[in-house]
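Peer 1: Below is the file protein_21.cif, with mmCIF, C-alpha atoms and all ligand atoms.
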```cif
data_upload
loop_
_atom_site.group_PDB
_atom_site.id
_atom_site.type_symbol
_atom_site.label_atom_id
_atom_site.label_comp_id
_atom_site.auth_asym_id
_atom_site.auth_seq_id
_atom_site.Cartn_x
_atom_site.Cartn_y
_atom_site.Cartn_z
ATOM 1 C CA MET A 1 -201.065 85.364 4.997
ATOM 2 C CA LYS A 2 -204.252 83.375 4.748
ATOM 3 C CA LYS A 3 -207.208 85.171 6.230
ATOM 4 C CA SER A 4 -208.465 83.260 9.271
ATOM 5 C CA LYS A 5 -211.989 81.930 9.257
ATOM 6 C CA PRO A 6 -214.484 83.400 11.704
ATOM 7 C CA ALA A 7 -214.702 81.506 14.973
ATOM 8 C CA VAL A 8 -218.494 81.455 14.603
ATOM 9 C CA GLU A 9 -220.784 82.208 11.708
ATOM 10 C CA THR A 10 -224.536 81.603 11.765
ATOM 11 C CA LYS A 11 -227.148 81.883 9.048
ATOM 12 C CA ASN A 12 -230.784 82.064 10.095
ATOM 13 C CA LEU A 13 -230.044 79.954 13.155
ATOM 14 C CA SER A 14 -233.342 78.940 14.726
ATOM 15 C CA ILE A 15 -234.607 76.661 17.437
ATOM 16 C CA GLY A 16 -238.056 76.104 18.822
ATOM 17 C CA TRP A 17 -239.765 73.917 21.324
ATOM 18 C CA GLY A 18 -243.373 73.190 20.423
ATOM 19 C CA GLU A 19 -244.982 76.381 19.168
ATOM 20 C CA VAL A 20 -242.376 78.719 20.586
ATOM 21 C CA ASN A 21 -239.512 79.964 18.442
ATOM 22 C CA VAL A 22 -236.898 80.630 21.083
ATOM 23 C CA LEU A 23 -234.260 81.676 18.540
ATOM 24 C CA ASN A 24 -235.653 83.034 15.301
ATOM 25 C CA LYS A 25 -233.291 83.304 12.301
ATOM 26 C CA LEU A 26 -230.248 84.665 14.073
ATOM 27 C CA ASN A 27 -227.294 85.873 12.033
ATOM 28 C CA PHE A 28 -223.964 86.780 13.534
ATOM 29 C CA ILE A 29 -220.243 86.471 13.035
ATOM 30 C CA LEU A 30 -217.598 86.236 15.733
ATOM 31 C CA ASN A 31 -214.147 86.783 14.300
ATOM 32 C CA GLU A 32 -211.117 85.038 15.752
ATOM 33 C CA GLY A 33 -209.838 86.785 18.847
ATOM 34 C CA GLU A 34 -213.011 88.799 19.400
ATOM 35 C CA LYS A 35 -214.809 88.967 22.720
ATOM 36 C CA LEU A 36 -218.568 89.071 22.464
ATOM 37 C CA ALA A 37 -221.233 89.533 25.123
ATOM 38 C CA ILE A 38 -224.732 88.228 24.479
ATOM 39 C CA VAL A 39 -227.150 90.001 26.765
ATOM 40 C CA GLY A 40 -230.872 89.947 27.326
ATOM 41 C CA PRO A 41 -233.439 89.220 30.011
ATOM 42 C CA SER A 42 -233.943 85.779 31.554
ATOM 43 C CA GLY A 43 -235.606 83.318 29.213
ATOM 44 C CA SER A 44 -234.506 85.151 26.065
ATOM 45 C CA GLY A 45 -232.493 82.163 24.865
ATOM 46 C CA LYS A 46 -228.912 83.058 25.783
ATOM 47 C CA SER A 47 -228.038 79.671 27.284
ATOM 48 C CA THR A 48 -229.717 78.010 24.326
ATOM 49 C CA ILE A 49 -227.297 79.765 21.945
ATOM 50 C CA LEU A 50 -224.316 78.566 24.000
ATOM 51 C CA LYS A 51 -225.667 75.007 24.114
ATOM 52 C CA ILE A 52 -225.982 74.993 20.329
ATOM 53 C CA LEU A 53 -222.429 76.326 19.952
ATOM 54 C CA ALA A 54 -221.154 73.692 22.390
ATOM 55 C CA GLY A 55 -222.873 70.954 20.361
ATOM 56 C CA LEU A 56 -225.131 69.895 23.220
ATOM 57 C CA ILE A 57 -228.293 70.543 21.202
ATOM 58 C CA LEU A 58 -228.977 70.971 17.496
ATOM 59 C CA PRO A 59 -230.769 73.926 15.913
ATOM 60 C CA THR A 60 -234.127 73.241 14.283
ATOM 61 C CA ASN A 61 -233.225 75.339 11.258
ATOM 62 C CA GLY A 62 -230.412 77.401 9.834
ATOM 63 C CA GLU A 63 -226.689 76.958 9.559
ATOM 64 C CA LEU A 64 -223.830 77.087 12.036
ATOM 65 C CA LYS A 65 -220.154 77.183 11.137
ATOM 66 C CA ILE A 66 -217.402 76.988 13.735
ATOM 67 C CA PHE A 67 -213.915 77.856 12.471
ATOM 68 C CA GLY A 68 -215.345 77.523 8.970
ATOM 69 C CA GLU A 69 -216.682 73.982 9.465
ATOM 70 C CA LYS A 70 -220.382 73.379 9.106
ATOM 71 C CA GLN A 71 -221.820 71.803 12.251
ATOM 72 C CA THR A 72 -224.505 69.199 11.692
ATOM 73 C CA TYR A 73 -224.022 66.693 14.499
ATOM 74 C CA LEU A 74 -224.012 66.787 18.257
ATOM 75 C CA ARG A 75 -220.475 67.106 19.595
ATOM 76 C CA LEU A 76 -220.364 63.523 20.898
ATOM 77 C CA ASP A 77 -221.108 62.212 17.407
ATOM 78 C CA GLN A 78 -218.375 64.232 15.681
ATOM 79 C CA ASN A 79 -215.090 62.739 14.539
ATOM 80 C CA ASN A 80 -213.243 65.999 14.346
ATOM 81 C CA PRO A 81 -214.901 68.281 16.861
ATOM 82 C CA PRO A 82 -213.978 71.957 16.998
ATOM 83 C CA ASP A 83 -212.282 73.213 20.155
ATOM 84 C CA VAL A 84 -215.210 74.747 22.012
ATOM 85 C CA ARG A 85 -215.093 74.988 25.793
ATOM 86 C CA LEU A 86 -218.165 75.835 27.821
ATOM 87 C CA VAL A 87 -217.888 77.092 31.386
ATOM 88 C CA PHE A 88 -221.247 76.584 33.078
ATOM 89 C CA GLN A 89 -222.790 78.909 35.612
ATOM 90 C CA ASN A 90 -222.300 76.316 38.351
ATOM 91 C CA PRO A 91 -218.856 74.704 38.294
ATOM 92 C CA ALA A 92 -220.311 71.317 37.217
ATOM 93 C CA LEU A 93 -217.392 69.306 38.605
ATOM 94 C CA LEU A 94 -217.672 65.543 38.955
ATOM 95 C CA GLY A 95 -218.109 65.000 42.691
ATOM 96 C CA SER A 96 -216.433 61.606 43.020
ATOM 97 C CA LEU A 97 -213.316 62.604 41.083
ATOM 98 C CA THR A 98 -210.358 64.519 42.494
ATOM 99 C CA ILE A 99 -209.580 68.022 41.262
ATOM 100 C CA GLU A 100 -206.713 66.599 39.181
ATOM 101 C CA GLU A 101 -209.035 64.033 37.596
ATOM 102 C CA ASN A 102 -211.646 66.709 36.901
ATOM 103 C CA VAL A 103 -209.219 69.124 35.251
ATOM 104 C CA GLY A 104 -207.285 66.423 33.411
ATOM 105 C CA PHE A 105 -210.412 64.577 32.282
ATOM 106 C CA LEU A 106 -209.920 65.351 28.596
ATOM 107 C CA LEU A 107 -206.267 64.348 28.584
ATOM 108 C CA LYS A 108 -206.820 61.035 30.357
ATOM 109 C CA ARG A 109 -208.716 59.691 27.376
ATOM 110 C CA ASN A 110 -205.527 59.977 25.376
ATOM 111 C CA LYS A 111 -203.602 56.799 26.170
ATOM 112 C CA ASN A 112 -200.369 58.217 24.723
ATOM 113 C CA LEU A 113 -200.019 60.789 27.471
ATOM 114 C CA SER A 114 -198.096 59.790 30.581
ATOM 115 C CA LYS A 115 -199.427 60.305 34.105
ATOM 116 C CA GLU A 116 -196.559 62.691 34.808
ATOM 117 C CA PHE A 117 -197.354 64.799 31.758
ATOM 118 C CA ILE A 118 -201.030 65.086 32.707
ATOM 119 C CA HIS A 119 -200.105 65.900 36.315
ATOM 120 C CA GLU A 120 -197.800 68.685 35.145
ATOM 121 C CA LYS A 121 -200.373 70.179 32.725
ATOM 122 C CA VAL A 122 -203.110 70.073 35.352
ATOM 123 C CA ASN A 123 -200.929 71.818 37.911
ATOM 124 C CA GLU A 124 -199.955 74.457 35.377
ATOM 125 C CA CYS A 125 -203.624 75.248 34.680
ATOM 126 C CA LEU A 126 -204.501 75.236 38.381
ATOM 127 C CA ALA A 127 -201.635 77.645 39.089
ATOM 128 C CA ASP A 128 -202.922 79.900 36.283
ATOM 129 C CA VAL A 129 -206.179 80.323 38.188
ATOM 130 C CA GLY A 130 -204.416 80.807 41.522
ATOM 131 C CA LEU A 131 -204.906 77.339 43.018
ATOM 132 C CA PHE A 132 -202.110 75.365 44.647
ATOM 133 C CA ASN A 133 -201.985 71.978 46.423
ATOM 134 C CA VAL A 134 -205.612 71.151 45.710
ATOM 135 C CA GLU A 135 -205.148 68.435 43.091
ATOM 136 C CA ASN A 136 -205.838 65.524 45.457
ATOM 137 C CA LYS A 137 -208.915 67.074 47.020
ATOM 138 C CA LEU A 138 -212.510 66.318 46.111
ATOM 139 C CA PRO A 139 -214.702 69.177 44.830
ATOM 140 C CA ASN A 140 -216.796 69.328 48.017
ATOM 141 C CA GLU A 141 -213.640 69.974 50.056
ATOM 142 C CA LEU A 142 -213.217 73.312 48.266
ATOM 143 C CA SER A 143 -215.204 76.529 48.692
ATOM 144 C CA GLY A 144 -217.667 77.566 45.987
ATOM 145 C CA GLY A 145 -215.260 80.198 44.666
ATOM 146 C CA MET A 146 -212.429 77.693 44.467
ATOM 147 C CA GLN A 147 -214.650 75.214 42.633
ATOM 148 C CA LYS A 148 -215.432 77.952 40.148
ATOM 149 C CA ARG A 149 -211.702 78.486 39.625
ATOM 150 C CA VAL A 150 -211.285 74.761 39.011
ATOM 151 C CA SER A 151 -213.910 74.963 36.267
ATOM 152 C CA PHE A 152 -211.839 77.718 34.631
ATOM 153 C CA ALA A 153 -208.697 75.601 34.938
ATOM 154 C CA ARG A 154 -210.559 72.815 33.166
ATOM 155 C CA ALA A 155 -211.350 75.225 30.331
ATOM 156 C CA LEU A 156 -207.633 76.014 30.042
ATOM 157 C CA ILE A 157 -206.644 72.408 29.387
ATOM 158 C CA THR A 158 -205.903 71.874 25.730
ATOM 159 C CA ASP A 159 -206.972 68.579 24.249
ATOM 160 C CA GLN A 160 -203.713 67.139 22.921
ATOM 161 C CA THR A 161 -205.538 65.150 20.278
ATOM 162 C CA LEU A 162 -206.459 68.425 18.590
ATOM 163 C CA ASN A 163 -204.051 70.499 16.586
ATOM 164 C CA ALA A 164 -201.555 72.026 19.010
ATOM 165 C CA ASN A 165 -202.092 75.452 17.444
ATOM 166 C CA THR A 166 -205.769 75.377 18.122
ATOM 167 C CA LYS A 167 -207.424 78.611 19.180
ATOM 168 C CA PRO A 168 -210.412 77.673 21.262
ATOM 169 C CA LEU A 169 -213.839 79.186 21.382
ATOM 170 C CA LEU A 170 -214.577 79.860 25.037
ATOM 171 C CA LEU A 171 -218.168 80.141 26.208
ATOM 172 C CA PHE A 172 -219.122 81.487 29.616
ATOM 173 C CA ASP A 173 -222.718 81.178 30.816
ATOM 174 C CA GLU A 174 -223.627 83.749 33.495
ATOM 175 C CA PRO A 175 -220.179 83.507 35.084
ATOM 176 C CA THR A 176 -220.891 86.101 37.790
ATOM 177 C CA ALA A 177 -224.593 85.621 38.518
ATOM 178 C CA GLY A 178 -225.228 85.786 42.254
ATOM 179 C CA LEU A 179 -221.692 86.877 43.180
ATOM 180 C CA ASP A 180 -220.832 89.973 45.204
ATOM 181 C CA PRO A 181 -219.153 92.827 43.260
ATOM 182 C CA ILE A 182 -215.641 91.961 44.414
ATOM 183 C CA ALA A 183 -215.987 88.254 43.671
ATOM 184 C CA SER A 184 -217.419 89.296 40.295
ATOM 185 C CA SER A 185 -214.362 91.424 39.532
ATOM 186 C CA ARG A 186 -212.101 88.472 40.326
ATOM 187 C CA ILE A 187 -214.038 86.199 37.990
ATOM 188 C CA GLU A 188 -214.022 88.876 35.270
ATOM 189 C CA ASP A 189 -210.233 89.110 35.567
ATOM 190 C CA LEU A 190 -210.099 85.340 35.347
ATOM 191 C CA ILE A 191 -212.214 85.312 32.197
ATOM 192 C CA ASN A 192 -209.845 87.779 30.538
ATOM 193 C CA LYS A 193 -206.811 85.882 31.737
ATOM 194 C CA THR A 194 -208.212 82.529 30.582
ATOM 195 C CA ASN A 195 -209.012 84.046 27.226
ATOM 196 C CA ASP A 196 -205.558 85.576 26.764
ATOM 197 C CA LYS A 197 -203.798 82.453 27.942
ATOM 198 C CA ALA A 198 -205.836 80.181 25.645
ATOM 199 C CA ASN A 199 -205.416 82.667 22.789
ATOM 200 C CA GLY A 200 -209.098 82.227 22.102
ATOM 201 C CA SER A 201 -212.292 83.926 21.076
ATOM 202 C CA SER A 202 -215.015 84.250 23.668
ATOM 203 C CA ILE A 203 -218.711 84.643 24.188
ATOM 204 C CA VAL A 204 -219.893 85.726 27.608
ATOM 205 C CA VAL A 205 -223.576 85.500 28.408
ATOM 206 C CA SER A 206 -224.482 87.783 31.261
ATOM 207 C CA HIS A 207 -226.869 90.350 32.624
ATOM 208 C CA VAL A 208 -224.313 91.811 35.031
ATOM 209 C CA LEU A 209 -223.217 95.188 33.660
ATOM 210 C CA SER A 210 -219.679 95.117 35.068
ATOM 211 C CA THR A 211 -219.141 91.674 33.553
ATOM 212 C CA ILE A 212 -220.409 92.784 30.159
ATOM 213 C CA GLU A 213 -218.271 95.913 30.224
ATOM 214 C CA ARG A 214 -215.088 94.317 31.542
ATOM 215 C CA THR A 215 -214.971 91.131 29.464
ATOM 216 C CA SER A 216 -216.246 92.085 26.015
ATOM 217 C CA ASP A 217 -215.591 94.318 23.062
ATOM 218 C CA LYS A 218 -218.861 93.700 21.202
ATOM 219 C CA VAL A 219 -222.427 93.275 22.424
ATOM 220 C CA LEU A 220 -225.516 91.593 20.996
ATOM 221 C CA MET A 221 -228.877 92.191 22.641
ATOM 222 C CA LEU A 222 -231.237 89.198 22.425
ATOM 223 C CA TYR A 223 -234.958 89.496 22.947
ATOM 224 C CA GLY A 224 -238.030 87.702 21.608
ATOM 225 C CA GLY A 225 -235.912 85.343 19.510
ATOM 226 C CA LYS A 226 -234.122 88.142 17.632
ATOM 227 C CA PHE A 227 -231.063 90.306 18.033
ATOM 228 C CA ARG A 228 -232.466 93.783 18.721
ATOM 229 C CA TRP A 229 -229.224 95.678 18.911
ATOM 230 C CA ALA A 230 -225.558 95.134 18.039
ATOM 231 C CA GLY A 231 -222.600 97.379 18.689
ATOM 232 C CA SER A 232 -219.286 97.908 20.398
ATOM 233 C CA ILE A 233 -219.007 97.979 24.154
ATOM 234 C CA ASN A 234 -218.490 101.767 24.045
ATOM 235 C CA GLU A 235 -221.653 102.194 22.012
ATOM 236 C CA PHE A 236 -223.470 99.931 24.486
ATOM 237 C CA LYS A 237 -222.450 102.187 27.376
ATOM 238 C CA LYS A 238 -223.887 105.272 25.687
ATOM 239 C CA SER A 239 -226.702 103.993 23.507
ATOM 240 C CA ASN A 240 -230.203 105.398 23.824
ATOM 241 C CA ASP A 241 -231.659 102.450 21.918
ATOM 242 C CA PRO A 242 -234.876 101.537 23.787
ATOM 243 C CA TYR A 243 -233.800 97.902 24.387
ATOM 244 C CA VAL A 244 -230.321 98.809 25.581
ATOM 245 C CA PHE A 245 -231.618 101.684 27.694
ATOM 246 C CA GLN A 246 -234.266 99.541 29.394
ATOM 247 C CA PHE A 247 -231.764 96.754 30.042
ATOM 248 C CA ARG A 248 -229.008 99.001 31.391
ATOM 249 C CA TYR A 249 -231.233 100.871 33.801
ATOM 250 C CA GLY A 250 -233.605 98.015 34.670
ATOM 251 C CA LYS A 251 -236.631 100.075 33.600
ATOM 252 C CA LEU A 252 -240.100 98.551 33.721
ATOM 253 C CA ASP A 253 -241.174 100.772 30.825
ATOM 254 C CA GLY A 254 -239.804 99.828 27.448
ATOM 255 C CA PRO A 255 -240.061 97.334 24.648
ATOM 256 C CA MET A 256 -239.327 94.289 26.846
ATOM 257 C CA GLN A 257 -242.445 93.181 28.726
ATOM 258 C CA PRO A 258 -243.223 89.911 30.528
ATOM 259 C CA LYS A 259 -246.101 89.071 28.200
ATOM 260 C CA ASP A 260 -243.695 88.818 25.296
ATOM 261 C CA ILE A 261 -241.558 86.126 26.890
HETATM 262 P P1 LIG A 301 -231.746 82.373 29.082
HETATM 263 O O1 LIG A 301 -230.478 81.645 29.201
HETATM 264 O O2 LIG A 301 -231.675 83.612 28.235
HETATM 265 O O3 LIG A 301 -232.362 82.695 30.419
HETATM 266 P P2 LIG A 301 -232.695 79.889 27.949
HETATM 267 O O4 LIG A 301 -231.845 79.739 26.752
HETATM 268 O O5 LIG A 301 -232.348 79.057 29.127
HETATM 269 O O6 LIG A 301 -232.804 81.425 28.344
HETATM 270 O O7 LIG A 301 -234.203 79.542 27.569
HETATM 271 C C1 LIG A 301 -234.907 80.227 26.563
HETATM 272 C C2 LIG A 301 -236.321 79.702 26.493
HETATM 273 O O8 LIG A 301 -236.321 78.379 25.989
HETATM 274 C C3 LIG A 301 -237.038 79.670 27.824
HETATM 275 O O9 LIG A 301 -238.353 80.118 27.615
HETATM 276 C C4 LIG A 301 -237.018 78.213 28.193
HETATM 277 O O10 LIG A 301 -238.143 77.896 28.951
HETATM 278 C C5 LIG A 301 -237.026 77.524 26.838
HETATM 279 N N1 LIG A 301 -236.315 76.227 26.854
HETATM 280 C C6 LIG A 301 -235.010 76.054 27.075
HETATM 281 N N2 LIG A 301 -234.681 74.743 26.996
HETATM 282 C C7 LIG A 301 -235.840 74.078 26.724
HETATM 283 C C8 LIG A 301 -236.178 72.697 26.508
HETATM 284 N N3 LIG A 301 -235.256 71.727 26.540
HETATM 285 N N4 LIG A 301 -237.468 72.412 26.243
HETATM 286 C C9 LIG A 301 -238.405 73.375 26.193
HETATM 287 N N5 LIG A 301 -238.144 74.686 26.366
HETATM 288 C C10 LIG A 301 -236.901 75.039 26.637
HETATM 289 MG MG MG A 302 -229.396 81.028 30.902
#
```
Show me the file's structure as structure tokens.

Peer 2:
Amino acid sequence: MKKSKPAVETKNLSIGWGEVNVLNKLNFILNEGEKLAIVGPSGSGKSTILKILAGLILPTNGELKIFGEKQTYLRLDQNNPPDVRLVFQNPALLGSLTIEENVGFLLKRNKNLSKEFIHEKVNECLADVGLFNVENKLPNELSGGMQKRVSFARALITDQTLNANTKPLLLFDEPTAGLDPIASSRIEDLINKTNDKANGSSIVVSHVLSTIERTSDKVLMLYGGKFRWAGSINEFKKSNDPYVFQFRYGKLDGPMQPKDI
């Protein structure tokens, strides 16, 4: 069997604004099916990595390959975009569209798909995240938690114009920030379920320990533009590395200090 290409491969990936190098020559590989957590304090550049992977911004230097294809354009300018789905921290639903229109947004662009087909697919994805009879509602008629579920349903929709066997790259930016522990657990379950269902690879950006531990099998620690530590989730739980230790226990002493940010 042909060896599958990594979902993500970067070489010296860098981005800066003005004088500041926010990401400084980052190298990492995410193999297909792997679940990675990128962790680090606020402002370390985690969202910036996800935005580059989602094709919303371009790196200043370095190379990015997604499923083996070199990425040189913004996603909107690509003819054959890779299947990358970003779930934002806030649900980012379009307020004047119904839930069905929000979730089915991608499919509607494809004129070959019937209304009935889209309706069925949307309802399937909504049911997968535990939502029923909400398709005709507007986002502001749903609770915050339900809106969040809708944003996961949207990430489950497969763009029919892409290869049907596509294995998506799923990106989650701070999916549990500001949630209580129980709501967090539900979202973590949903991340795993979404990932399994989509048969994808995932990157979760988070500073919530339970989220990191429950949704990932590998961890990268980002600070000062560089990866300071890499390892498995079990190593992360036990490591005495000064960065990991400071992060895990929220210590003020350690290598990460406000002046460096
Ligand atoms: P994180 O998600 O880890 O909190 P971000 O990726 O949002 O961090 O931001 C990393 C750094 O890059 C921050 O210092 C932020 O101020 C800066 N930054 C992000 N986007 C821009 C931008 N468009 N212009 C200038 N600076 C930016
Ligand atoms: Mg962020």

Peer 1: Evaluate the PyMOL selection byres (((chain A and resi 27) around 9) and not hetatm) on the structure here and hand back the selected residues as a list in words.

Peer 2: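 Answer for the PyMOL selection byres (((chain A and resi 27) around 9) and not hetatm): Glu9, Thr10, Lys11, Asn12, Leu13, Lys25, Leu26, Phe28, Ile29 and Phe227 of chain A.
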
Peer 1: Using all atoms listed in the file for the distances, tell me which of A:Ala7, A:Lys197, A:Ile38, A:Leu74 is nearest to Met221 in chain A.

Peer 2: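 Answer, going by the shortest atom-to-atom distance: A:Ile38.
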
Peer 1: Grab me every residue within 9 Å of ligand LIG 301 (chain A), counting only C-alpha atoms and all ligand atoms, and send it over as a PyMOL selection string.

Peer 2: chain A and resi 15-18+20-23+39-51+57+173-174+205-206+222-223+225+261

Peer 1: Just give me the gap between atom MG of ligand MG 302 (chain A) and CA of Phe172 in chain A in Å, one decimal is fine.

Peer 2: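 So the two atoms, atom MG of ligand MG 302 (chain A) and CA of Phe172 in chain A, lie 10.4 Å apart.
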
Peer 1: Once the PyMOL selection byres (((chain A and resi 58) around 9) and not hetatm) has been applied to the shown file, what residues remain in the selection, as an mmCIF file with C-alpha atoms, in the frame of the given file?

Peer 2:
```cif
data_model
loop_
_atom_site.group_PDB
_atom_site.id
_atom_site.type_symbol
_atom_site.label_atom_id
_atom_site.label_comp_id
_atom_site.auth_asym_id
_atom_site.auth_seq_id
_atom_site.Cartn_x
_atom_site.Cartn_y
_atom_site.Cartn_z
ATOM 1 C CA ILE A 15 -234.607 76.661 17.437
ATOM 2 C CA LYS A 51 -225.667 75.007 24.114
ATOM 3 C CA ILE A 52 -225.982 74.993 20.329
ATOM 4 C CA LEU A 53 -222.429 76.326 19.952
ATOM 5 C CA GLY A 55 -222.873 70.954 20.361
ATOM 6 C CA LEU A 56 -225.131 69.895 23.220
ATOM 7 C CA ILE A 57 -228.293 70.543 21.202
ATOM 8 C CA PRO A 59 -230.769 73.926 15.913
ATOM 9 C CA THR A 60 -234.127 73.241 14.283
ATOM 10 C CA ASN A 61 -233.225 75.339 11.258
ATOM 11 C CA GLN A 71 -221.820 71.803 12.251
ATOM 12 C CA THR A 72 -224.505 69.199 11.692
ATOM 13 C CA TYR A 73 -224.022 66.693 14.499
ATOM 14 C CA LEU A 74 -224.012 66.787 18.257
#
```

Peer 1: Just how far from CA of Gly224 in chain A is CA of Gln257 in chain A, in Å to one decimal?

Peer 2: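 If I compute the distance from CA of Gln257 in chain A to CA of Gly224 in chain A, I get 10.0 Å.
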
Peer 1: To one decimal place in Å, what is the distance between CA of Ile99 in chain A and CA of Arg149 in chain A?

Peer 2: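 Interatomic distance here is 10.8 Å.
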
Peer 1: Output the residue selection produced by the PyMOL selection byres (((chain A and resi 126-133) around 12) and not hetatm) on the file above, formatted as a ChimeraX atom specification.

Peer 2: /A:98-100,102-104,119-125,134-138,142-143,145-157,186-198

Peer 1: Identify, on the basis of only C-alpha atoms, every residue whose closest approach to Pro81 in chain A does not exceed 12 Å; exclude the query and any residue fewer than 4 positions from it along the same chain; express the result as number ranges by chain.

Peer 2: A: 53-55, 65-67, 69-77, 85, 159, 161-163, 166, 168-169

Peer 1: Using all atoms listed in the file, which of A:Ser232, A:Thr211, A:Ser185, A:Thr176 sits nearest Phe88 in chain A?

Peer 2: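 Using all atoms listed in the file, the shortest distance to Phe88 in chain A belongs to A:Thr176.
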
Peer 1: With only C-alpha atoms as the basis for distance, which of A:Pro255, A:Pro242, A:Pro175, A:Pro181 is at the shortest distance from Val87 in chain A?

Peer 2: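 Smallest separation from Val87 in chain A among the options: A:Pro175.
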
Peer 1: So, counting all atoms listed in the file, which residue among A:Asn80, A:Leu171, A:Leu106, A:Ala177 is closest to Ile203 in chain A?

Peer 2: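 Of A:Asn80, A:Leu171, A:Leu106, A:Ala177, the one nearest Ile203 in chain A, counting all atoms listed in the file, is A:Leu171.
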
Peer 1: Pick out the residues sitting within 12 Å of Gly231 in chain A, and hand them over as a list in words; count all atoms listed in the file, and ignore anything fewer than 6 positions along from it in its own chain.

Peer 2: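 Listing them by chain and then by number gives Phe28, Leu36, Ala37, Ile38, Val39, Ser216, Asp217, Lys218, Val219, Leu220, Met221, Lys237, Lys238, Ser239, Asp241 and Val244 of chain A.
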
Peer 1: Out of A:Asn90, A:Gly200, A:Lys167, A:Lys251, which residue has the shortest atom-to-atom distance to ligand MG 302 (chain A) when counting only C-alpha atoms and all ligand atoms?

Peer 2: A:Asn90

Peer 1: Using only C-alpha atoms and all ligand atoms, can you tell me which of A:Ala183, A:Met256, A:Leu170, A:Val204 comes closest to ligand MG 302 (chain A)?

Peer 2: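 Using only C-alpha atoms and all ligand atoms, ligand MG 302 (chain A) sits closest to A:Val204.
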
Peer 1: Determine, counting all atoms listed in the file, every residue of protein, DNA or RNA that lies within 7 Å of (-212.4, 89.8, 20.6) in the file coordinates, then give the result as a PyMOL selection string.

Peer 2: chain A and resi 32-36+201-202+217

Peer 1: Some atoms are missing, so please complete range 134-145 of chain A with N, CA and C atoms and return it as a PDB file, in the coordinates of the input.

Peer 2:
```pdb
ATOM      1  N   VAL A 134    -204.219  71.597  45.584  1.00  0.00           N
ATOM      2  CA  VAL A 134    -205.612  71.151  45.710  1.00  0.00           C
ATOM      3  C   VAL A 134    -205.890  69.915  44.856  1.00  0.00           C
ATOM      4  N   GLU A 135    -204.868  69.446  44.117  1.00  0.00           N
ATOM      5  CA  GLU A 135    -205.148  68.435  43.091  1.00  0.00           C
ATOM      6  C   GLU A 135    -205.685  67.114  43.647  1.00  0.00           C
ATOM      7  N   ASN A 136    -205.347  66.797  44.911  1.00  0.00           N
ATOM      8  CA  ASN A 136    -205.838  65.524  45.457  1.00  0.00           C
ATOM      9  C   ASN A 136    -207.139  65.656  46.229  1.00  0.00           C
ATOM     10  N   LYS A 137    -207.666  66.870  46.286  1.00  0.00           N
ATOM     11  CA  LYS A 137    -208.915  67.074  47.020  1.00  0.00           C
ATOM     12  C   LYS A 137    -210.123  66.737  46.151  1.00  0.00           C
ATOM     13  N   LEU A 138    -211.249  66.502  46.833  1.00  0.00           N
ATOM     14  CA  LEU A 138    -212.510  66.318  46.111  1.00  0.00           C
ATOM     15  C   LEU A 138    -213.209  67.673  46.021  1.00  0.00           C
ATOM     16  N   PRO A 139    -214.049  67.874  44.992  1.00  0.00           N
ATOM     17  CA  PRO A 139    -214.702  69.177  44.830  1.00  0.00           C
ATOM     18  C   PRO A 139    -215.371  69.696  46.104  1.00  0.00           C
ATOM     19  N   ASN A 140    -216.066  68.801  46.854  1.00  0.00           N
ATOM     20  CA  ASN A 140    -216.796  69.328  48.017  1.00  0.00           C
ATOM     21  C   ASN A 140    -215.888  69.725  49.174  1.00  0.00           C
ATOM     22  N   GLU A 141    -214.583  69.495  49.037  1.00  0.00           N
ATOM     23  CA  GLU A 141    -213.640  69.974  50.056  1.00  0.00           C
ATOM     24  C   GLU A 141    -213.197  71.404  49.767  1.00  0.00           C
ATOM     25  N   LEU A 142    -213.607  71.944  48.637  1.00  0.00           N
ATOM     26  CA  LEU A 142    -213.217  73.312  48.266  1.00  0.00           C
ATOM     27  C   LEU A 142    -214.406  74.251  48.424  1.00  0.00           C
ATOM     28  N   SER A 143    -214.123  75.537  48.622  1.00  0.00           N
ATOM     29  CA  SER A 143    -215.204  76.529  48.692  1.00  0.00           C
ATOM     30  C   SER A 143    -215.818  76.704  47.304  1.00  0.00           C
ATOM     31  N   GLY A 144    -216.995  77.342  47.268  1.00  0.00           N
ATOM     32  CA  GLY A 144    -217.667  77.566  45.987  1.00  0.00           C
ATOM     33  C   GLY A 144    -216.796  78.337  45.001  1.00  0.00           C
ATOM     34  N   GLY A 145    -216.116  79.376  45.527  1.00  0.00           N
ATOM     35  CA  GLY A 145    -215.260  80.198  44.666  1.00  0.00           C
ATOM     36  C   GLY A 145    -214.107  79.392  44.097  1.00  0.00           C
TER      37      GLY A 145
END
```
